[in-house]
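S.K.: Just so it is clear, I am handing over my_file-v6.tsv, which has TSV, C-alpha atoms.
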```tsv
chain	number	residue	atom	x	y	z
A	1	MET	CA	0.00	0.00	0.00
A	2	LYS	CA	1.40	3.36	-0.99
A	3	ARG	CA	0.72	6.27	1.34
A	4	ILE	CA	1.69	9.86	0.64
A	5	THR	CA	0.89	12.71	3.00
A	6	LEU	CA	0.90	16.19	1.53
A	7	GLY	CA	0.84	19.04	3.98
A	8	LEU	CA	2.43	22.14	5.40
A	9	SER	CA	6.00	20.88	5.50
A	10	THR	CA	5.83	17.97	3.08
A	11	ALA	CA	7.23	17.91	-0.43
A	12	CYS	CA	5.36	15.42	-2.60
A	13	LEU	CA	6.49	13.81	-5.83
A	14	GLY	CA	9.06	16.53	-6.40
A	15	LEU	CA	6.48	19.29	-6.25
A	16	GLY	CA	8.35	21.07	-3.44
A	17	LEU	CA	5.17	22.67	-2.16
A	18	ALA	CA	5.31	26.04	-0.45
A	19	PHE	CA	1.98	27.05	1.04
A	20	SER	CA	1.58	30.78	1.34
A	21	GLY	CA	-2.04	31.50	0.52
A	22	SER	CA	-4.65	32.95	2.82
A	23	ALA	CA	-6.18	30.78	5.53
A	24	MET	CA	-9.51	29.07	4.98
A	25	ALA	CA	-12.46	29.08	7.35
A	26	GLU	CA	-11.02	25.87	8.90
A	27	PRO	CA	-8.05	23.61	8.10
A	28	LEU	CA	-9.04	20.99	5.53
A	29	LYS	CA	-7.86	17.38	5.43
A	30	ILE	CA	-8.54	15.47	2.21
A	31	GLY	CA	-8.20	11.72	1.78
A	32	MET	CA	-7.45	10.55	-1.76
A	33	ILE	CA	-7.95	6.88	-2.57
A	34	THR	CA	-6.86	6.12	-6.12
A	35	THR	CA	-5.16	3.50	-8.29
A	36	LEU	CA	-1.38	3.89	-8.31
A	37	SER	CA	-0.28	0.33	-9.13
A	38	GLY	CA	-1.27	-2.38	-11.59
A	39	GLY	CA	-2.83	-2.00	-15.03
A	40	GLY	CA	-4.95	1.01	-14.10
A	41	ALA	CA	-2.16	2.97	-12.43
A	42	GLY	CA	-1.86	5.56	-15.19
A	43	LEU	CA	-5.41	6.75	-14.57
A	44	GLY	CA	-4.94	7.21	-10.84
A	45	ILE	CA	-1.55	8.85	-11.27
A	46	ASP	CA	-3.07	11.41	-13.62
A	47	ILE	CA	-5.95	12.12	-11.23
A	48	ARG	CA	-3.49	12.53	-8.35
A	49	ASP	CA	-1.19	14.80	-10.34
A	50	GLY	CA	-3.99	17.07	-11.54
A	51	PHE	CA	-5.44	17.30	-8.04
A	52	LEU	CA	-2.10	18.08	-6.40
A	53	LEU	CA	-1.27	20.70	-9.01
A	54	ALA	CA	-4.42	22.63	-8.07
A	55	VAL	CA	-3.56	22.34	-4.37
A	56	LYS	CA	-0.05	23.58	-5.05
A	57	GLN	CA	-1.33	26.53	-7.08
A	58	SER	CA	-3.69	27.51	-4.28
A	59	GLY	CA	-0.70	28.00	-1.98
A	60	ASN	CA	-2.97	27.40	0.98
A	61	LYS	CA	-1.24	26.26	4.17
A	62	ASP	CA	-4.48	24.95	5.67
A	63	VAL	CA	-4.89	22.11	3.16
A	64	SER	CA	-3.44	18.63	3.65
A	65	VAL	CA	-3.90	15.64	1.36
A	66	ILE	CA	-3.34	11.97	2.21
A	67	VAL	CA	-2.93	9.78	-0.88
A	68	GLU	CA	-3.22	5.99	-0.79
A	69	ASP	CA	-3.17	3.26	-3.43
A	70	ASP	CA	-6.25	1.04	-3.75
A	71	ALA	CA	-4.48	-1.28	-6.24
A	72	GLN	CA	-7.87	-1.48	-8.04
A	73	LYS	CA	-9.20	-3.75	-5.28
A	74	PRO	CA	-12.64	-2.93	-3.78
A	75	GLU	CA	-11.91	-4.58	-0.44
A	76	LEU	CA	-8.68	-2.61	-0.05
A	77	ALA	CA	-10.42	0.63	-1.00
A	78	VAL	CA	-13.02	0.01	1.74
A	79	GLN	CA	-10.28	-0.64	4.32
A	80	ILE	CA	-8.46	2.55	3.37
A	81	ALA	CA	-11.65	4.60	3.47
A	82	ASP	CA	-12.55	3.30	6.93
A	83	LYS	CA	-9.08	4.15	8.22
A	84	MET	CA	-9.13	7.61	6.66
A	85	VAL	CA	-12.50	8.39	8.24
A	86	GLN	CA	-11.94	6.81	11.64
A	87	SER	CA	-8.19	7.23	12.27
A	88	ASP	CA	-6.98	10.00	9.97
A	89	LYS	CA	-10.14	12.05	10.57
A	90	VAL	CA	-10.28	13.35	7.00
A	91	ASP	CA	-12.99	15.86	6.12
A	92	ILE	CA	-13.45	14.88	2.47
A	93	LEU	CA	-12.66	11.80	0.40
A	94	THR	CA	-11.96	11.68	-3.32
A	95	GLY	CA	-9.91	10.04	-6.08
A	96	ILE	CA	-11.49	6.68	-6.94
A	97	VAL	CA	-11.15	5.72	-10.61
A	98	TRP	CA	-13.35	2.64	-10.93
A	99	SER	CA	-17.12	2.41	-10.49
A	100	ASN	CA	-17.06	-0.94	-8.68
A	101	LEU	CA	-14.71	0.58	-6.10
A	102	ALA	CA	-16.91	3.68	-5.84
A	103	MET	CA	-19.98	1.53	-5.18
A	104	ALA	CA	-18.06	-0.26	-2.42
A	105	VAL	CA	-16.80	2.93	-0.75
A	106	VAL	CA	-19.12	5.89	-1.35
A	107	PRO	CA	-22.36	4.69	0.36
A	108	SER	CA	-20.49	3.99	3.61
A	109	VAL	CA	-18.55	7.26	3.51
A	110	VAL	CA	-21.57	9.49	2.96
A	111	ALA	CA	-23.55	7.56	5.59
A	112	GLN	CA	-20.87	8.65	8.09
A	113	ASP	CA	-21.63	12.27	7.10
A	114	LYS	CA	-18.39	12.69	5.17
A	115	ILE	CA	-18.38	14.41	1.79
A	116	TYR	CA	-17.15	12.41	-1.18
A	117	VAL	CA	-16.12	14.17	-4.42
A	118	SER	CA	-15.75	11.94	-7.46
A	119	THR	CA	-12.83	12.63	-9.78
A	120	ASN	CA	-13.98	9.99	-12.25
A	121	ALA	CA	-16.40	7.18	-11.42
A	122	GLY	CA	-20.05	8.11	-11.98
A	123	PRO	CA	-22.18	4.98	-11.55
A	124	SER	CA	-25.85	5.38	-12.41
A	125	ALA	CA	-26.98	4.15	-8.99
A	126	LEU	CA	-25.41	7.17	-7.30
A	127	ALA	CA	-26.93	9.62	-9.77
A	128	GLY	CA	-30.53	8.48	-9.35
A	129	ALA	CA	-32.49	7.05	-6.45
A	130	LYS	CA	-29.33	6.55	-4.33
A	131	CYS	CA	-28.07	10.12	-4.76
A	132	ASN	CA	-26.88	11.76	-1.55
A	133	ALA	CA	-26.37	15.33	-0.41
A	134	ASN	CA	-22.81	14.41	0.63
A	135	TYR	CA	-21.88	13.00	-2.78
A	136	PHE	CA	-20.67	15.34	-5.53
A	137	ASN	CA	-19.42	14.20	-8.92
A	138	ALA	CA	-16.93	16.63	-10.46
A	139	ALA	CA	-16.43	14.50	-13.58
A	140	TYR	CA	-19.57	13.16	-15.32
A	141	GLN	CA	-22.22	10.47	-14.97
A	142	ASN	CA	-20.96	7.21	-16.47
A	143	ASP	CA	-23.42	7.19	-19.39
A	144	ASN	CA	-22.69	10.71	-20.61
A	145	LEU	CA	-19.73	10.35	-22.94
A	146	HIS	CA	-21.20	7.17	-24.40
A	147	GLU	CA	-24.50	8.93	-25.04
A	148	ALA	CA	-22.58	11.58	-26.94
A	149	VAL	CA	-21.01	9.01	-29.28
A	150	GLY	CA	-24.36	7.30	-29.80
A	151	ASN	CA	-25.76	10.67	-30.82
A	152	TYR	CA	-22.78	11.29	-33.11
A	153	ALA	CA	-23.16	7.85	-34.74
A	154	ASN	CA	-26.51	8.94	-36.14
A	155	THR	CA	-25.07	12.04	-37.81
A	156	ALA	CA	-22.12	9.97	-39.10
A	157	GLY	CA	-24.58	7.64	-40.82
A	158	TYR	CA	-23.76	4.50	-38.82
A	159	LYS	CA	-26.63	2.04	-38.93
A	160	ASN	CA	-25.16	-1.25	-37.68
A	161	SER	CA	-22.77	-0.79	-34.73
A	162	PHE	CA	-20.89	-3.49	-32.87
A	163	ILE	CA	-20.44	-2.43	-29.23
A	164	LEU	CA	-18.32	-3.83	-26.39
A	165	ALA	CA	-17.27	-2.92	-22.85
A	166	PRO	CA	-15.93	-4.63	-19.68
A	167	ASN	CA	-18.38	-6.46	-17.45
A	168	TYR	CA	-18.57	-4.07	-14.48
A	169	PRO	CA	-20.88	-1.14	-13.56
A	170	ALA	CA	-19.19	1.46	-15.78
A	171	GLY	CA	-19.20	-0.97	-18.70
A	172	THR	CA	-22.91	-1.57	-18.36
A	173	ASP	CA	-23.55	2.16	-18.08
A	174	ALA	CA	-21.36	2.72	-21.16
A	175	LEU	CA	-23.33	0.52	-23.53
A	176	THR	CA	-26.64	1.64	-22.00
A	177	GLY	CA	-25.63	5.23	-22.74
A	178	TYR	CA	-24.62	4.52	-26.33
A	179	LYS	CA	-27.89	2.70	-27.02
A	180	ARG	CA	-29.96	5.46	-25.43
A	181	PHE	CA	-29.23	7.86	-28.32
A	182	TYR	CA	-28.08	5.57	-31.13
A	183	LYS	CA	-30.95	4.92	-33.57
A	184	GLY	CA	-29.46	2.15	-35.71
A	185	LYS	CA	-29.23	-1.62	-35.26
A	186	LEU	CA	-26.64	-3.59	-33.30
A	187	ALA	CA	-24.39	-6.03	-35.14
A	188	GLY	CA	-23.28	-7.35	-31.75
A	189	GLU	CA	-22.95	-6.51	-28.06
A	190	ILE	CA	-20.25	-8.03	-25.85
A	191	TYR	CA	-19.22	-7.64	-22.22
A	192	THR	CA	-15.58	-8.60	-21.79
A	193	LYS	CA	-13.59	-9.52	-18.68
A	194	VAL	CA	-12.19	-6.66	-16.61
A	195	GLY	CA	-8.44	-6.55	-17.18
A	196	GLN	CA	-8.64	-8.62	-20.38
A	197	THR	CA	-5.67	-8.24	-22.73
A	198	ASP	CA	-6.42	-10.70	-25.58
A	199	TYR	CA	-9.24	-9.63	-27.89
A	200	ALA	CA	-8.69	-12.05	-30.78
A	201	ALA	CA	-12.08	-13.72	-30.27
A	202	GLU	CA	-13.95	-10.40	-30.08
A	203	ILE	CA	-12.20	-9.05	-33.18
A	204	ALA	CA	-13.14	-12.22	-35.06
A	205	GLN	CA	-16.77	-11.69	-34.06
A	206	ILE	CA	-16.66	-8.10	-35.24
A	207	ARG	CA	-15.17	-9.16	-38.56
A	208	ALA	CA	-17.96	-11.66	-39.15
A	209	SER	CA	-20.78	-9.43	-37.89
A	210	GLY	CA	-21.36	-7.16	-40.89
A	211	ALA	CA	-20.92	-4.10	-38.66
A	212	ASP	CA	-20.39	-0.69	-40.25
A	213	SER	CA	-18.85	0.75	-37.06
A	214	VAL	CA	-17.37	-0.32	-33.72
A	215	TYR	CA	-17.94	1.40	-30.41
A	216	PHE	CA	-15.90	0.33	-27.41
A	217	PHE	CA	-15.27	1.42	-23.85
A	218	LEU	CA	-12.10	-0.29	-22.59
A	219	PRO	CA	-10.24	2.01	-20.17
A	220	GLY	CA	-6.51	1.93	-19.52
A	221	GLY	CA	-4.49	-1.07	-20.65
A	222	MET	CA	-7.56	-2.85	-21.97
A	223	GLY	CA	-8.15	-0.24	-24.65
A	224	ILE	CA	-4.47	-0.12	-25.58
A	225	ALA	CA	-4.44	-3.89	-26.13
A	226	PHE	CA	-7.68	-3.85	-28.12
A	227	MET	CA	-6.62	-1.05	-30.47
A	228	LYS	CA	-3.21	-2.56	-31.15
A	229	GLN	CA	-4.72	-5.94	-31.94
A	230	TYR	CA	-7.51	-4.39	-33.98
A	231	SER	CA	-5.00	-2.51	-36.13
A	232	GLN	CA	-2.68	-5.50	-36.48
A	233	SER	CA	-5.60	-7.65	-37.64
A	234	GLY	CA	-6.08	-5.40	-40.65
A	235	MET	CA	-9.60	-4.35	-39.63
A	236	THR	CA	-10.86	-1.22	-41.41
A	237	ILE	CA	-14.31	-0.84	-39.84
A	238	PRO	CA	-14.28	2.65	-38.25
A	239	VAL	CA	-13.84	2.78	-34.48
A	240	THR	CA	-15.34	5.29	-32.04
A	241	GLY	CA	-15.08	5.50	-28.29
A	242	PRO	CA	-15.28	7.73	-25.24
A	243	GLY	CA	-12.43	10.09	-24.47
A	244	PHE	CA	-11.05	7.70	-21.84
A	245	SER	CA	-10.06	5.24	-24.55
A	246	PHE	CA	-8.29	7.86	-26.67
A	247	ASP	CA	-6.87	10.34	-24.23
A	248	GLN	CA	-3.37	11.52	-23.43
A	249	ASP	CA	-2.70	8.73	-20.93
A	250	VAL	CA	-3.03	5.99	-23.58
A	251	LEU	CA	-2.41	7.57	-26.99
A	252	GLY	CA	1.36	7.14	-26.82
A	253	ALA	CA	0.94	3.43	-26.15
A	254	ILE	CA	-1.67	2.94	-28.88
A	255	GLY	CA	0.40	4.75	-31.48
A	256	ASP	CA	-0.63	5.80	-34.98
A	257	ALA	CA	-3.49	3.27	-35.02
A	258	ALA	CA	-5.47	5.90	-33.08
A	259	VAL	CA	-5.08	8.68	-35.65
A	260	GLY	CA	-8.43	9.78	-37.03
A	261	VAL	CA	-10.54	8.07	-34.37
A	262	LYS	CA	-13.49	10.13	-33.16
A	263	ASN	CA	-14.10	10.17	-29.42
A	264	SER	CA	-16.26	12.07	-26.95
A	265	SER	CA	-15.18	14.26	-24.05
A	266	HIS	CA	-16.36	17.07	-21.80
A	267	TRP	CA	-12.84	18.51	-21.99
A	268	SER	CA	-10.09	19.00	-24.54
A	269	LYS	CA	-6.76	20.78	-24.33
A	270	ASP	CA	-7.85	23.09	-27.17
A	271	LEU	CA	-10.94	24.42	-25.38
A	272	ASP	CA	-10.68	28.18	-25.82
A	273	ASN	CA	-10.86	29.67	-22.34
A	274	GLU	CA	-8.18	31.30	-20.22
A	275	ALA	CA	-8.42	28.84	-17.32
A	276	ASN	CA	-7.84	25.92	-19.66
A	277	LYS	CA	-4.92	27.54	-21.47
A	278	ALA	CA	-3.20	28.33	-18.18
A	279	TYR	CA	-3.86	24.84	-16.83
A	280	VAL	CA	-2.45	23.01	-19.87
A	281	GLU	CA	0.75	25.06	-19.71
A	282	ALA	CA	1.08	24.66	-15.94
A	283	PHE	CA	0.60	20.90	-16.12
A	284	LYS	CA	3.18	20.58	-18.92
A	285	LYS	CA	5.66	22.64	-16.92
A	286	GLU	CA	5.07	20.68	-13.71
A	287	TYR	CA	5.07	17.16	-15.09
A	288	GLY	CA	6.67	17.33	-18.54
A	289	ARG	CA	3.64	15.90	-20.35
A	290	LEU	CA	0.26	16.97	-21.66
A	291	PRO	CA	-2.65	16.54	-19.24
A	292	SER	CA	-5.25	13.84	-19.77
A	293	LEU	CA	-8.98	13.91	-19.12
A	294	TYR	CA	-8.34	12.09	-15.83
A	295	ALA	CA	-5.80	14.69	-14.72
A	296	THR	CA	-8.21	17.45	-15.65
A	297	GLN	CA	-11.03	15.95	-13.59
A	298	GLY	CA	-8.66	15.78	-10.62
A	299	TYR	CA	-7.69	19.40	-11.18
A	300	ASP	CA	-11.30	20.62	-11.37
A	301	ALA	CA	-12.31	18.53	-8.35
A	302	ALA	CA	-9.57	20.11	-6.24
A	303	ASN	CA	-10.52	23.61	-7.31
A	304	LEU	CA	-14.17	22.87	-6.57
A	305	ILE	CA	-13.29	21.76	-3.04
A	306	LEU	CA	-10.98	24.73	-2.51
A	307	SER	CA	-13.67	27.15	-3.68
A	308	ALA	CA	-16.12	25.75	-1.13
A	309	ALA	CA	-13.55	25.77	1.67
A	310	ALA	CA	-12.86	29.45	1.02
A	311	LYS	CA	-16.51	30.22	1.73
A	312	ALA	CA	-17.53	27.86	4.54
A	313	SER	CA	-16.17	25.67	7.28
A	314	VAL	CA	-16.25	21.98	6.41
A	315	ASN	CA	-17.55	21.47	9.96
A	316	ASP	CA	-20.72	23.35	9.01
A	317	LYS	CA	-22.02	20.68	6.65
A	318	ASP	CA	-25.04	22.60	5.39
A	319	ALA	CA	-22.99	25.69	4.54
A	320	PHE	CA	-20.18	23.65	3.00
A	321	ARG	CA	-22.57	21.61	0.86
A	322	ALA	CA	-24.20	24.82	-0.34
A	323	ALA	CA	-20.79	26.22	-1.26
A	324	MET	CA	-19.94	23.01	-3.14
A	325	LYS	CA	-23.26	23.12	-4.98
A	326	ALA	CA	-22.58	26.69	-6.09
A	327	ALA	CA	-19.45	25.47	-7.95
A	328	ASP	CA	-17.97	28.97	-7.82
A	329	PHE	CA	-14.62	28.23	-9.46
A	330	LYS	CA	-13.06	28.66	-12.88
A	331	SER	CA	-13.43	25.25	-14.46
A	332	VAL	CA	-11.08	24.43	-17.31
A	333	ARG	CA	-14.20	23.15	-19.09
A	334	GLY	CA	-15.61	26.68	-19.19
A	335	LYS	CA	-19.21	26.31	-18.07
A	336	PHE	CA	-19.72	24.10	-15.02
A	337	LYS	CA	-22.81	23.68	-12.86
A	338	PHE	CA	-24.43	20.94	-10.84
A	339	GLY	CA	-27.84	19.44	-11.43
A	340	ASN	CA	-30.22	18.52	-8.64
A	341	ASN	CA	-28.33	15.21	-8.14
A	342	ASN	CA	-24.91	16.87	-7.68
A	343	HIS	CA	-23.71	15.69	-11.10
A	344	PRO	CA	-22.50	18.13	-13.78
A	345	ILE	CA	-24.68	19.67	-16.44
A	346	GLN	CA	-22.14	20.32	-19.18
A	347	ASP	CA	-21.25	20.39	-22.86
A	348	ILE	CA	-19.86	17.23	-24.44
A	349	TYR	CA	-17.72	17.36	-27.56
A	350	MET	CA	-16.56	15.04	-30.29
A	351	ARG	CA	-12.81	15.03	-30.77
A	352	GLU	CA	-10.50	13.54	-33.37
A	353	VAL	CA	-7.10	12.03	-32.65
A	354	ILE	CA	-4.40	13.94	-34.50
A	355	LYS	CA	-0.62	14.15	-34.52
A	356	GLU	CA	0.57	17.59	-33.47
A	357	ASP	CA	4.28	18.41	-33.45
A	358	GLY	CA	4.96	14.70	-33.48
A	359	VAL	CA	2.73	14.04	-30.44
A	360	LEU	CA	-0.60	12.22	-30.60
A	361	THR	CA	-3.39	14.33	-29.09
A	362	ASN	CA	-6.98	15.43	-29.75
A	363	LYS	CA	-8.79	18.36	-31.30
A	364	ILE	CA	-12.49	19.24	-31.03
A	365	VAL	CA	-14.41	18.66	-34.27
A	366	ALA	CA	-18.04	18.99	-33.10
A	367	THR	CA	-20.34	19.56	-30.13
A	368	SER	CA	-22.53	16.54	-29.48
A	369	PHE	CA	-24.49	17.93	-26.51
A	370	THR	CA	-24.95	21.37	-24.95
A	371	ASP	CA	-25.84	21.63	-21.24
A	372	HIS	CA	-26.37	17.89	-21.06
A	373	GLN	CA	-27.84	16.34	-17.91
A	374	ASP	CA	-27.77	12.66	-17.07
A	375	ASN	CA	-30.79	10.40	-17.44
A	376	TYR	CA	-31.03	9.55	-13.74
A	377	ALA	CA	-31.43	13.02	-12.22
A	378	LYS	CA	-35.20	12.67	-12.39
A	379	ASP	CA	-35.02	9.83	-9.88
A	380	CYS	CA	-32.98	11.83	-7.36
A	381	LYS	CA	-34.98	13.43	-4.53
A	382	LEU	CA	-32.43	16.12	-3.65
```
In structure tokens, what does this structure look like?

M.R.:
Amino acid sequence: MKRITLGLSTACLGLGLAFSGSAMAEPLKIGMITTLSGGGAGLGIDIRDGFLLAVKQSGNKDVSVIVEDDAQKPELAVQIADKMVQSDKVDILTGIVWSNLAMAVVPSVVAQDKIYVSTNAGPSALAGAKCNANYFNAAYQNDNLHEAVGNYANTAGYKNSFILAPNYPAGTDALTGYKRFYKGKLAGEIYTKVGQTDYAAEIAQIRASGADSVYFFLPGGMGIAFMKQYSQSGMTIPVTGPGFSFDQDVLGAIGDAAVGVKNSSHWSKDLDNEANKAYVEAFKKEYGRLPSLYATQGYDAANLILSAAAKASVNDKDAFRAAMKAADFKSVRGKFKFGNNNHPIQDIYMREVIKEDGVLTNKIVATSFTDHQDNYAKDCKL
């Protein structure tokens, strides 16, 4: 288990933090549980790095962050969360990448009257009937980016899509989202094993299906393996996916096979607003790489929390929740607001993978949704 404590006198990951900002209403202790080892480590590392960059930029001496590795194991995530709440006495928890881990941790955390801020996972159960005043999602609801590609597929003229995703809550939400807006037929629908690396059988099924397009959600190493094998097999059926499968954290590993692929995202490095421009440059300077969608969600989540802490004491739960709900911070996405279920209402774009100055990245080519709200908000009683 990796444990990093970031605070007043602690340098973390070479950041050499120097807190000099103005004091908040009360000191704030944040517990970050994320994936820092194994096949999904790149996602958690990006979330951590984006989050810590925002904390560093705030310069606030009253903020401390404890970071621990869940190793993508639900039972370990639960143990860490219990320790952070009961022993470390954190005020807020955040950082989980995977929806199955979120479903294991979040209900218990919010039941103990602790606030949880999602930097990625957005399972449908927590957006609808099981929403909670202590749960805020600073990323998206799981279905959203998949809905955007389903909507795009119609305008692209796709009429017979083959769709696949891992067999866990986010995978189910992914294909549900695609089908919610896609109007064509399905050439096939497959749920693969989480962590799978050999997709020969699935690619053979796609080849034989008569599909005119392929939509997949395979985050992290799964998507890298699929795209490499898909390209090596000589398949030419066009591929689409959510931004997670074609973002900065994986593009280098996928290589030129990703060029031209359309993917959906609520953020892109070329979004034309001052906060985003400054963030992209700051992240590059700090870490020597372009930020990913995961890093950006971590960055926005931290700034959301910091904006609330500047207005209210975390010990005054009603006031702090109201300050969180107001989302009074400069999001790198531009517009940012919460719906009744504490999930974002936001624009979602279609991007295309390009090579820019020799580096694979994305550019926005269309807007799929404007001010899009998730399908489950109507079931939330907040």

S.K.: Show me, as CSV, the residues of region 228-320 of chain A having an atom within 10 Å of region 102-122 of chain A, each with the closest atom pair and its distance in Å, using all atoms listed in the file.

M.R.:
```
residue,atom,partner,partner_atom,distance
A:Leu293,CA,A:Asn120,CA,9.4
A:Tyr294,CA,A:Asn120,CA,7.0
A:Ala295,CA,A:Thr119,CA,8.8
A:Thr296,CA,A:Thr119,CA,8.9
A:Gln297,CA,A:Thr119,CA,5.4
A:Gly298,CA,A:Thr119,CA,5.3
A:Tyr299,CA,A:Thr119,CA,8.6
A:Asp300,CA,A:Thr119,CA,8.3
A:Ala301,CA,A:Thr119,CA,6.1
A:Ala302,CA,A:Thr119,CA,8.9
A:Leu304,CA,A:Val117,CA,9.2
A:Ile305,CA,A:Val117,CA,8.2
A:Val314,CA,A:Ile115,CA,9.1
A:Lys317,CA,A:Asp113,CA,8.4
A:Phe320,CA,A:Ile115,CA,9.5
```

S.K.: Take CA of Gly40 (chain A) and CA of Pro219 (chain A) and report the distance between them in Å, one decimal.

M.R.: 8.1 Å

S.K.: So, with all atoms listed in the file as the atoms that count, which of A:Ala309, A:Ala133, A:Leu43, A:Val280 lies closest to Asp62 (chain A)?

M.R.: A:Ala309

S.K.: What is the CA of Val67 (chain A) to CA of Tyr279 (chain A) distance in Å?

M.R.: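 Computing the Euclidean distance for CA of Val67 (chain A) and CA of Tyr279 (chain A) yields 22.0 Å.
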
S.K.: Report, in Å to a single decimal, how far apart CA of Gly334 (chain A) and CA of Tyr376 (chain A) are.

M.R.: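 Interatomic distance here is 23.7 Å.
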
S.K.: Could you check the closest approach to Met350 (chain A) for each of A:Pro238, A:Pro123, A:Gly150, A:Gly31 and tell me which residue wins, using all atoms listed in the file?

M.R.: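 For Met350 (chain A), the nearest of the given residues is A:Gly150.
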
S.K.: Compile the contact shell of Lys83 (chain A) as a list in words: residues with an atom at most 12 Å away, counting all atoms listed in the file, same-chain residues fewer than 4 positions apart removed.

M.R.: Gly31, Met32, Ile33, Ile66, Glu68, Leu76, Ala77, Val78, Gln79, Ser87, Asp88, Lys89, Val90, Leu93, Val105 and Val109 of chain A

S.K.: Find the spatial neighbours of region 267-278 of chain A, counting all atoms listed in the file, within a cut-off of 12 Å - ignore same-chain residues fewer than 4 positions away - and output them as a ChimeraX atom specification.

M.R.: /A:54,57,139-140,145,242-244,246-248,263,282-285,290-297,299-300,303,329-336,346-353,356,361-367

S.K.: Name the closest residue to Gly252 (chain A) among the candidates A:Gly177, A:Val239, A:Gly358, A:Asn151; distances are taken between atoms, counting only C-alpha atoms.

M.R.: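 Using only C-alpha atoms, the shortest distance to Gly252 (chain A) belongs to A:Gly358.
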
S.K.: For Leu218 (chain A), work out the shell of residues within 9 Å, counting only C-alpha atoms and skipping chain neighbours fewer than 2 positions away, then give it as a compact mmCIF listing (two decimals) with C-alpha atoms, in the coordinates of the input.

M.R.:
```txt
# COMPACT_ATOMS: atom_id res chain seq x y z
CA LEU A 164 -18.32 -3.83 -26.39
CA ALA A 165 -17.27 -2.92 -22.85
CA PRO A 166 -15.93 -4.63 -19.68
CA GLY A 171 -19.20 -0.97 -18.70
CA VAL A 194 -12.19 -6.66 -16.61
CA PHE A 216 -15.90 0.33 -27.41
CA GLY A 220 -6.51 1.93 -19.52
CA GLY A 221 -4.49 -1.07 -20.65
CA MET A 222 -7.56 -2.85 -21.97
CA GLY A 223 -8.15 -0.24 -24.65
CA ILE A 224 -4.47 -0.12 -25.58
CA PHE A 226 -7.68 -3.85 -28.12
CA GLY A 241 -15.08 5.50 -28.29
CA PHE A 244 -11.05 7.70 -21.84
CA SER A 245 -10.06 5.24 -24.55
```

S.K.: For each of A:Gln229, A:Thr370, A:Trp98, A:Lys179, take the minimum atom-to-atom distance to Gly255 (chain A), counting only C-alpha atoms, then give the residue where this is smallest.

M.R.: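 The answer is A:Gln229, which sits nearest to Gly255 (chain A).
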
S.K.: Please provide the set of residues having any atom within 10 Å of Ser231 (chain A), restricted to all atoms listed in the file, with same-chain residues fewer than 6 positions apart removed, written as a short mmCIF file (atom, residue, chain, number, x, y, z; two decimals) with C-alpha atoms, in the frame of the given file.

M.R.:
```cif
data_model
loop_
_atom_site.label_atom_id
_atom_site.label_comp_id
_atom_site.auth_asym_id
_atom_site.auth_seq_id
_atom_site.Cartn_x
_atom_site.Cartn_y
_atom_site.Cartn_z
CA ILE A 254 -1.67 2.94 -28.88
CA ASP A 256 -0.63 5.80 -34.98
CA ALA A 257 -3.49 3.27 -35.02
CA ALA A 258 -5.47 5.90 -33.08
#
```
